[in-house]
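Participant: I'd like to ask you about the structure that follows.
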Amino acid sequence: MPVEGGKTDMERIGLFSEMEYVTVGDKYVSQFNRPFNEAASKNRQMLPGGSKEMSHLQAGYFDPHFVRIFEGEGYVNLNQVRRRHMMEEAKKNLGKAFLPSNGDKKLCGLGSYYGTIGRPVPFFSAQSKPKEKYEPPGKNLYTNPGKKGTGYGYANVTIGKQFSHSADFYDAAKLNDKKENEEHHRLLKGTPFKLNLYPREYFDTNPYLFEKPLPPIKKAEKKEALANPFKPSSPGKKFPQL
């Protein structure tokens, strides 16, 4: 056991010692007690300076004064710089410029081999060579000969046969209906069958239709009128006033 204020047994022996902690020696502060972004609440904060309106004046820009791209630059002539560079490169030449012994030979015409190293190639000659007459190969399968025409206005051109012409009367449908109707009435026998229990509509189209025979007209009896009006035998009695 270590004595108060003394060394531990591991330190006294010296063979083993406790490993140091990876720290700078500051005290541990819990993350719950640690303030968040403490620097944001100290000193001066960022002041945007207010909104700026769009304008061509200096107040419409971010800088207080006009800033040039280059400060104190002078006018540069590119041609003068190019000539100066060519003069400096010319000083590096040891002698005169190289000139070939013979100049380039120009062509005499289109497809000429004059001035080239080799000779004309016979395979690239433009002269026509004799050829055998071309005979097209025969067809493998022979069918009916091709039909001329586009099909419109030509007979027997399409795959199927041409439709035969048949006259059609203007009122053919009306005449056929008339014949069928006459044949139907001819086959009918007697009047149509009517059933007494056949249901009828509650309201008839003709409100005055009545199938039963009407009863004989009853004559109204005339009452004899009284000659003299009726008079009571005794007049009404009056009550005495109190």
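Residue names in the structure tokens use chain letters A, B, ... in the order shown, residue numbers from 1 in each chain, and ligand numbers from 1 in the order shown.
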Taking the DSSP assignment computed from this structure's backbone, write out as a PyMOL selection string all residues of region 16-181 of chain A that belong to alpha helix (DSSP H).

Facilitator: chain A and resi 78-90+172-181

Participant: Write a file of the just-selected residues containing N, CA, C and O atoms, as a PDB file, in the first residue's frame.

Facilitator:
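Output saved as out.pdb:
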ATOM      1  N   LEU A  78       1.626  43.748 -78.217  1.00  0.00           N
ATOM      2  CA  LEU A  78       1.925  42.347 -78.450  1.00  0.00           C
ATOM      3  C   LEU A  78       2.865  42.160 -79.634  1.00  0.00           C
ATOM      4  O   LEU A  78       3.712  41.251 -79.635  1.00  0.00           O
ATOM      5  N   ASN A  79       2.751  42.998 -80.663  1.00  0.00           N
ATOM      6  CA  ASN A  79       3.661  42.880 -81.805  1.00  0.00           C
ATOM      7  C   ASN A  79       5.094  43.177 -81.400  1.00  0.00           C
ATOM      8  O   ASN A  79       6.048  42.523 -81.854  1.00  0.00           O
ATOM      9  N   GLN A  80       5.258  44.156 -80.530  1.00  0.00           N
ATOM     10  CA  GLN A  80       6.609  44.492 -80.076  1.00  0.00           C
ATOM     11  C   GLN A  80       7.193  43.365 -79.229  1.00  0.00           C
ATOM     12  O   GLN A  80       8.380  43.021 -79.351  1.00  0.00           O
ATOM     13  N   VAL A  81       6.368  42.754 -78.416  1.00  0.00           N
ATOM     14  CA  VAL A  81       6.847  41.624 -77.616  1.00  0.00           C
ATOM     15  C   VAL A  81       7.191  40.446 -78.502  1.00  0.00           C
ATOM     16  O   VAL A  81       8.203  39.743 -78.291  1.00  0.00           O
ATOM     17  N   ARG A  82       6.422  40.208 -79.562  1.00  0.00           N
ATOM     18  CA  ARG A  82       6.683  39.103 -80.472  1.00  0.00           C
ATOM     19  C   ARG A  82       7.984  39.330 -81.251  1.00  0.00           C
ATOM     20  O   ARG A  82       8.775  38.400 -81.443  1.00  0.00           O
ATOM     21  N   ARG A  83       8.211  40.556 -81.693  1.00  0.00           N
ATOM     22  CA  ARG A  83       9.467  40.851 -82.408  1.00  0.00           C
ATOM     23  C   ARG A  83      10.670  40.705 -81.494  1.00  0.00           C
ATOM     24  O   ARG A  83      11.726  40.195 -81.895  1.00  0.00           O
ATOM     25  N   ARG A  84      10.519  41.139 -80.262  1.00  0.00           N
ATOM     26  CA  ARG A  84      11.636  41.023 -79.323  1.00  0.00           C
ATOM     27  C   ARG A  84      11.967  39.560 -79.046  1.00  0.00           C
ATOM     28  O   ARG A  84      13.150  39.180 -78.962  1.00  0.00           O
ATOM     29  N   HIS A  85      10.934  38.732 -78.971  1.00  0.00           N
ATOM     30  CA  HIS A  85      11.173  37.310 -78.758  1.00  0.00           C
ATOM     31  C   HIS A  85      11.849  36.676 -79.976  1.00  0.00           C
ATOM     32  O   HIS A  85      12.762  35.829 -79.842  1.00  0.00           O
ATOM     33  N   MET A  86      11.458  37.100 -81.188  1.00  0.00           N
ATOM     34  CA  MET A  86      12.089  36.572 -82.395  1.00  0.00           C
ATOM     35  C   MET A  86      13.546  37.003 -82.494  1.00  0.00           C
ATOM     36  O   MET A  86      14.426  36.219 -82.930  1.00  0.00           O
ATOM     37  N   MET A  87      13.860  38.224 -82.079  1.00  0.00           N
ATOM     38  CA  MET A  87      15.260  38.691 -82.124  1.00  0.00           C
ATOM     39  C   MET A  87      16.121  37.918 -81.125  1.00  0.00           C
ATOM     40  O   MET A  87      17.267  37.554 -81.429  1.00  0.00           O
ATOM     41  N   GLU A  88      15.572  37.632 -79.965  1.00  0.00           N
ATOM     42  CA  GLU A  88      16.332  36.853 -78.993  1.00  0.00           C
ATOM     43  C   GLU A  88      16.550  35.424 -79.467  1.00  0.00           C
ATOM     44  O   GLU A  88      17.619  34.836 -79.238  1.00  0.00           O
ATOM     45  N   GLU A  89      15.569  34.837 -80.157  1.00  0.00           N
ATOM     46  CA  GLU A  89      15.734  33.499 -80.688  1.00  0.00           C
ATOM     47  C   GLU A  89      16.697  33.477 -81.865  1.00  0.00           C
ATOM     48  O   GLU A  89      17.408  32.485 -82.088  1.00  0.00           O
ATOM     49  N   ALA A  90      16.737  34.570 -82.650  1.00  0.00           N
ATOM     50  CA  ALA A  90      17.664  34.626 -83.790  1.00  0.00           C
ATOM     51  C   ALA A  90      19.116  34.710 -83.344  1.00  0.00           C
ATOM     52  O   ALA A  90      20.024  34.281 -84.078  1.00  0.00           O
ATOM     53  N   ALA A 172     -83.723  -0.699-103.152  1.00  0.00           N
ATOM     54  CA  ALA A 172     -83.742  -2.155-103.025  1.00  0.00           C
ATOM     55  C   ALA A 172     -84.133  -2.578-101.614  1.00  0.00           C
ATOM     56  O   ALA A 172     -84.941  -3.502-101.426  1.00  0.00           O
ATOM     57  N   ALA A 173     -83.630  -1.898-100.592  1.00  0.00           N
ATOM     58  CA  ALA A 173     -83.964  -2.269 -99.215  1.00  0.00           C
ATOM     59  C   ALA A 173     -85.437  -2.015 -98.922  1.00  0.00           C
ATOM     60  O   ALA A 173     -86.105  -2.811 -98.239  1.00  0.00           O
ATOM     61  N   LYS A 174     -85.971  -0.927 -99.462  1.00  0.00           N
ATOM     62  CA  LYS A 174     -87.384  -0.605 -99.231  1.00  0.00           C
ATOM     63  C   LYS A 174     -88.291  -1.623 -99.917  1.00  0.00           C
ATOM     64  O   LYS A 174     -89.304  -2.061 -99.341  1.00  0.00           O
ATOM     65  N   LEU A 175     -87.934  -2.044-101.126  1.00  0.00           N
ATOM     66  CA  LEU A 175     -88.741  -3.028-101.837  1.00  0.00           C
ATOM     67  C   LEU A 175     -88.674  -4.393-101.162  1.00  0.00           C
ATOM     68  O   LEU A 175     -89.687  -5.108-101.079  1.00  0.00           O
ATOM     69  N   ASN A 176     -87.521  -4.760-100.652  1.00  0.00           N
ATOM     70  CA  ASN A 176     -87.400  -6.046 -99.963  1.00  0.00           C
ATOM     71  C   ASN A 176     -88.251  -6.075 -98.692  1.00  0.00           C
ATOM     72  O   ASN A 176     -88.891  -7.079 -98.373  1.00  0.00           O
ATOM     73  N   ASP A 177     -88.234  -4.959 -97.946  1.00  0.00           N
ATOM     74  CA  ASP A 177     -89.070  -4.906 -96.734  1.00  0.00           C
ATOM     75  C   ASP A 177     -90.547  -5.000 -97.074  1.00  0.00           C
ATOM     76  O   ASP A 177     -91.345  -5.625 -96.346  1.00  0.00           O
ATOM     77  N   LYS A 178     -90.911  -4.372 -98.180  1.00  0.00           N
ATOM     78  CA  LYS A 178     -92.316  -4.422 -98.581  1.00  0.00           C
ATOM     79  C   LYS A 178     -92.735  -5.847 -98.952  1.00  0.00           C
ATOM     80  O   LYS A 178     -93.818  -6.320 -98.580  1.00  0.00           O
ATOM     81  N   LYS A 179     -91.857  -6.563 -99.655  1.00  0.00           N
ATOM     82  CA  LYS A 179     -92.176  -7.944-100.031  1.00  0.00           C
ATOM     83  C   LYS A 179     -92.263  -8.839 -98.807  1.00  0.00           C
ATOM     84  O   LYS A 179     -93.152  -9.691 -98.688  1.00  0.00           O
ATOM     85  N   GLU A 180     -91.360  -8.670 -97.867  1.00  0.00           N
ATOM     86  CA  GLU A 180     -91.403  -9.485 -96.652  1.00  0.00           C
ATOM     87  C   GLU A 180     -92.656  -9.203 -95.847  1.00  0.00           C
ATOM     88  O   GLU A 180     -93.261 -10.107 -95.252  1.00  0.00           O
ATOM     89  N   ASN A 181     -93.080  -7.943 -95.780  1.00  0.00           N
ATOM     90  CA  ASN A 181     -94.284  -7.590 -95.040  1.00  0.00           C
ATOM     91  C   ASN A 181     -95.539  -8.193 -95.697  1.00  0.00           C
ATOM     92  O   ASN A 181     -96.431  -8.704 -95.004  1.00  0.00           O
TER      93      ASN A 181
END

Participant: Find the distance between CA of Thr158 (chain A) and CA of Gly138 (chain A) and write it in Å to one decimal.

Facilitator: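 Computed distance, CA of Thr158 (chain A) to CA of Gly138 (chain A), equals 25.8 Å.
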
Participant: Grab the CA of Glu53 (chain A) to CA of Val67 (chain A) distance for me, in Å with one decimal place.

Facilitator: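 Value for the CA of Glu53 (chain A)-CA of Val67 (chain A) distance: 19.5 Å.
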